[in-house]
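*Asks:* My file is input31.csv. It has CSV, C-alpha atoms and all ligand atoms:
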chain,number,residue,atom,x,y,z
R,67,MET,CA,9.5,2.0,-10.0
R,68,ARG,CA,8.7,-1.7,-10.1
R,69,THR,CA,5.7,-3.0,-8.2
R,70,GLY,CA,4.6,-6.6,-8.6
R,71,ILE,CA,1.5,-8.3,-7.4
R,72,PHE,CA,1.8,-12.1,-7.2
R,73,GLN,CA,-1.0,-14.5,-6.8
R,74,ALA,CA,0.2,-16.9,-4.1
R,75,ASN,CA,-1.7,-19.9,-5.4
R,76,LYS,CA,-0.7,-19.6,-9.0
R,77,ARG,CA,2.6,-19.2,-10.7
R,78,ARG,CA,2.0,-16.0,-12.4
R,79,ALA,CA,2.7,-12.4,-11.5
R,80,LYS,CA,1.6,-9.1,-12.8
R,81,ILE,CA,4.2,-6.4,-12.9
R,82,MET,CA,2.5,-3.2,-11.9
R,83,ARG,CA,3.6,0.3,-12.8
R,84,GLU,CA,2.8,3.3,-10.8
R,85,PRO,CA,-0.5,4.8,-11.9
R,86,ILE,CA,-0.5,8.4,-13.2
R,87,LYS,CA,-2.5,9.6,-10.2
R,88,GLN,CA,0.0,8.4,-7.7
R,89,PHE,CA,2.9,9.6,-9.8
R,90,LEU,CA,1.4,13.1,-9.9
R,91,GLU,CA,0.7,13.0,-6.2
R,92,ARG,CA,4.3,12.2,-5.6
R,93,THR,CA,5.9,14.6,-8.0
R,94,THR,CA,3.7,17.7,-8.4
R,95,PRO,CA,2.7,20.5,-5.9
R,96,LEU,CA,-1.0,20.0,-6.5
R,97,GLY,CA,-0.6,16.3,-6.1
R,98,SER,CA,1.2,16.7,-2.9
R,99,LEU,CA,-1.7,18.8,-1.6
R,100,ALA,CA,-4.2,16.1,-2.5
R,101,ARG,CA,-2.0,13.5,-0.8
R,102,TRP,CA,-1.7,15.8,2.2
R,103,ASN,CA,-5.4,16.2,2.4
R,104,ARG,CA,-6.1,12.5,2.2
R,105,GLU,CA,-3.5,11.8,4.9
R,106,ARG,CA,-5.1,14.4,7.1
R,107,GLN,CA,-8.4,12.5,7.0
R,108,LEU,CA,-6.6,9.2,7.8
R,109,LYS,CA,-4.8,10.9,10.7
R,110,LYS,CA,-8.1,12.1,12.1
R,111,LYS,CA,-9.4,8.6,12.1
R,112,TYR,CA,-6.3,7.4,13.8
R,113,ARG,CA,-6.5,10.1,16.6
R,114,GLN,CA,-10.2,9.1,17.2
R,115,TRP,CA,-9.0,5.5,17.6
R,116,GLU,CA,-6.4,6.7,20.1
R,117,LYS,CA,-8.9,8.8,22.0
R,118,ALA,CA,-11.3,5.8,22.2
R,119,GLY,CA,-8.6,3.9,24.1
R,120,TYR,CA,-7.2,1.9,21.1
R,121,ALA,CA,-10.5,0.0,20.8
R,122,GLY,CA,-10.7,-2.3,17.8
R,123,PRO,CA,-8.1,-2.8,15.0
R,124,MET,CA,-5.5,0.0,14.4
R,125,PRO,CA,-6.7,2.2,11.5
R,126,ASN,CA,-4.9,2.0,8.2
R,127,TRP,CA,-2.9,5.2,8.8
R,128,GLY,CA,-1.3,3.7,11.9
R,129,LYS,CA,-0.4,0.5,10.1
R,130,GLN,CA,1.1,2.4,7.2
R,131,GLN,CA,3.2,4.7,9.5
R,132,THR,CA,4.6,1.6,11.2
R,133,VAL,CA,5.7,0.1,7.9
R,134,ILE,CA,7.0,3.5,6.6
R,135,GLU,CA,9.0,3.9,9.9
R,136,TYR,CA,10.7,0.5,9.3
R,137,VAL,CA,11.4,1.2,5.6
R,138,LYS,CA,13.0,4.5,6.6
R,139,ARG,CA,15.0,3.0,9.4
R,140,PHE,CA,16.4,0.0,7.4
R,141,SER,CA,16.3,1.4,3.8
R,142,PRO,CA,15.7,-2.0,2.1
R,143,ASP,CA,16.2,-2.2,-1.6
R,144,ILE,CA,13.1,-4.4,-2.0
R,145,PHE,CA,9.9,-4.6,-0.1
R,146,ILE,CA,7.9,-7.9,-0.1
R,147,GLU,CA,4.4,-8.0,1.4
R,148,THR,CA,2.0,-10.9,1.9
R,149,GLY,CA,-1.6,-9.9,1.6
R,150,THR,CA,-2.2,-7.2,-1.0
R,151,TYR,CA,-6.0,-6.7,-0.5
R,152,LYS,CA,-6.6,-3.3,-2.1
R,153,GLY,CA,-2.9,-2.4,-2.1
R,154,LYS,CA,-3.0,0.4,0.4
R,155,ILE,CA,0.3,-0.4,2.1
R,156,VAL,CA,1.9,-0.7,-1.3
R,157,TYR,CA,0.5,2.7,-2.3
R,158,ALA,CA,1.6,4.3,1.0
R,159,ILE,CA,5.2,3.1,0.7
R,160,MET,CA,5.7,3.9,-3.0
R,161,PRO,CA,7.4,7.2,-2.2
R,162,TYR,CA,10.0,5.5,0.0
R,163,ILE,CA,11.0,2.4,-1.9
R,164,LYS,CA,11.7,1.6,-5.5
R,165,GLU,CA,10.9,-2.1,-5.8
R,166,ILE,CA,7.8,-3.5,-4.2
R,167,TYR,CA,6.3,-6.9,-4.4
R,168,SER,CA,3.0,-7.9,-2.9
R,169,ILE,CA,1.7,-11.5,-2.8
R,170,GLU,CA,-2.1,-12.1,-2.7
R,171,LEU,CA,-3.7,-15.5,-2.0
R,172,ASP,CA,-7.2,-14.5,-3.1
R,173,GLU,CA,-7.7,-14.4,-6.9
R,174,LYS,CA,-10.4,-11.7,-6.6
R,175,HIS,CA,-8.2,-9.3,-4.7
R,176,ALA,CA,-5.2,-10.1,-6.9
R,177,THR,CA,-7.3,-9.2,-9.9
R,178,ASN,CA,-8.9,-6.1,-8.3
R,179,SER,CA,-5.8,-4.6,-6.9
R,180,PRO,CA,-4.8,-3.2,-10.3
R,181,ALA,CA,-7.8,-0.8,-9.9
R,182,LEU,CA,-5.7,1.0,-7.4
R,183,LEU,CA,-2.2,0.1,-8.7
R,184,THR,CA,-2.7,-0.2,-12.4
R,185,SER,CA,-1.2,-3.2,-14.1
R,186,LYS,CA,1.2,-3.7,-17.0
R,187,HIS,CA,1.3,-7.3,-18.1
Z,1,LIG,C1,-5.6,-7.4,6.0
Z,1,LIG,S1,-5.6,-7.7,4.3
Z,1,LIG,C2,-4.1,-6.9,3.8
Z,1,LIG,C3,-4.2,-5.4,3.8
Z,1,LIG,C4,-3.3,-4.7,2.8
Z,1,LIG,N1,-1.9,-5.1,3.0
Z,1,LIG,C5,-3.4,-3.2,2.8
Z,1,LIG,O1,-2.5,-2.5,2.6
Z,1,LIG,O2,-4.6,-2.7,2.9
Z,1,LIG,C6,-5.1,-9.4,4.2
Z,1,LIG,C7,-5.0,-10.0,2.8
Z,1,LIG,O3,-4.1,-11.1,2.9
Z,1,LIG,C8,-4.5,-12.1,2.0
Z,1,LIG,N2,-3.9,-13.3,2.5
Z,1,LIG,C9,-4.3,-14.1,3.5
Z,1,LIG,N3,-3.4,-15.1,3.7
Z,1,LIG,C10,-2.5,-15.0,2.7
Z,1,LIG,C11,-1.3,-15.8,2.4
Z,1,LIG,N4,-1.0,-16.9,3.0
Z,1,LIG,N5,-0.6,-15.4,1.3
Z,1,LIG,C12,-0.9,-14.2,0.6
Z,1,LIG,N6,-2.0,-13.5,0.9
Z,1,LIG,C13,-2.8,-13.9,2.0
Z,1,LIG,C14,-6.0,-12.0,2.1
Z,1,LIG,O4,-6.6,-12.5,0.9
Z,1,LIG,C15,-6.3,-10.5,2.2
Z,1,LIG,O5,-6.4,-9.9,0.9
Show how you would write the structure in this file as structure tokens.
Ligand SMILES: C[S@@+](CC[C@H](N)C(=O)[O-])C[C@H]1O[C@@H](n2cnc3c(N)ncnc32)[C@H](O)[C@@H]1O
*Replies:*
Amino acid sequence: MRTGIFQANKRRAKIMREPIKQFLERTTPLGSLARWNRERQLKKKYRQWEKAGYAGPMPNWGKQQTVIEYVKRFSPDIFIETGTYKGKIVYAIMPYIKEIYSIELDEKHATNSPALLTSKH
């Protein structure tokens, strides 16, 4: 799996590899259970948002499901995102696509994202 985070205002990119935690979540039964539990919490927040009449911004789970739905429907070889922030979309779609690039304008976020995604320079 290749995952890249690019800093939009500089000509440099970090090639990220999938962290062990995410790899285990994707490939082991115990990891699947942990992922399932986390997704359950996210779904709960999403349902609360629905019940509240869609007030405020859509919770992350809803956004992630929208992107996953498109990835499944069109099966792209490469996914390119602008706006990495903490890399949650990248993390959510890792099981569905092999090559992901995320472009981040803000140096702080571009530097911090590896905390979630792990970098390999
Ligand atoms: C709403 S957050 C993105 C959320 C993220 N995709 C996730 O999965 O949680 C928006 C991010 O876009 C970045 N951003 C804003 N304008 C940008 C641009 N023109 N190019 C790249 N990144 C940009 C911001 O610095 C911020 O980190």
*Asks:* Which protein, DNA or RNA residues have an atom within 9 Å of ligand LIG 1 (chain Z), counting only C-alpha atoms and all ligand atoms, as number ranges by chain?
*Replies:* R: 72-75, 126, 129-130, 147-158, 168-176
*Asks:* With a distance cut-off of 10 Å and only C-alpha atoms, select the neighbouring residues of range 113-119 of chain R, excluding the residue or stretch itself and same-chain residues fewer than 6 positions from it, and output the selection as a PyMOL selection string.
*Replies:* chain R and resi 125+127-128
*Asks:* Go through R:Arg92, R:Arg104, R:Lys138, R:Lys87 and flag the residue nearest Met160 in chain R, using all atoms listed in the file for the distances.
*Replies:*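 Of R:Arg92, R:Arg104, R:Lys138, R:Lys87, the one nearest Met160 in chain R, counting all atoms listed in the file, is R:Arg92.
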*Asks:* Mind giving me the straight-line distance from CA of Pro142 in chain R to CA of Pro161 in chain R in Å, one decimal?
*Replies:* 13.1 Å
*Asks:* Which is closest to Ile146 in chain R among R:Arg101, R:Thr94, R:Lys109, R:Glu165, if we use all atoms listed in the file?
*Replies:*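 Going through R:Arg101, R:Thr94, R:Lys109, R:Glu165 one by one, the smallest distance to Ile146 in chain R is for R:Glu165.
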*Asks:* So which residues fall inside 9 Å of (10.5, 0.3, 1.6) if we count only C-alpha atoms? Mind giving them as a ChimeraX atom specification?
*Replies:* /R:133-134,136-138,140-146,159-166
*Asks:* One decimal, in Å: what's the spacing between CA of Gly97 in chain R and CA of Met124 in chain R?
*Replies:*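 CA of Gly97 in chain R sits 26.6 Å away from CA of Met124 in chain R.
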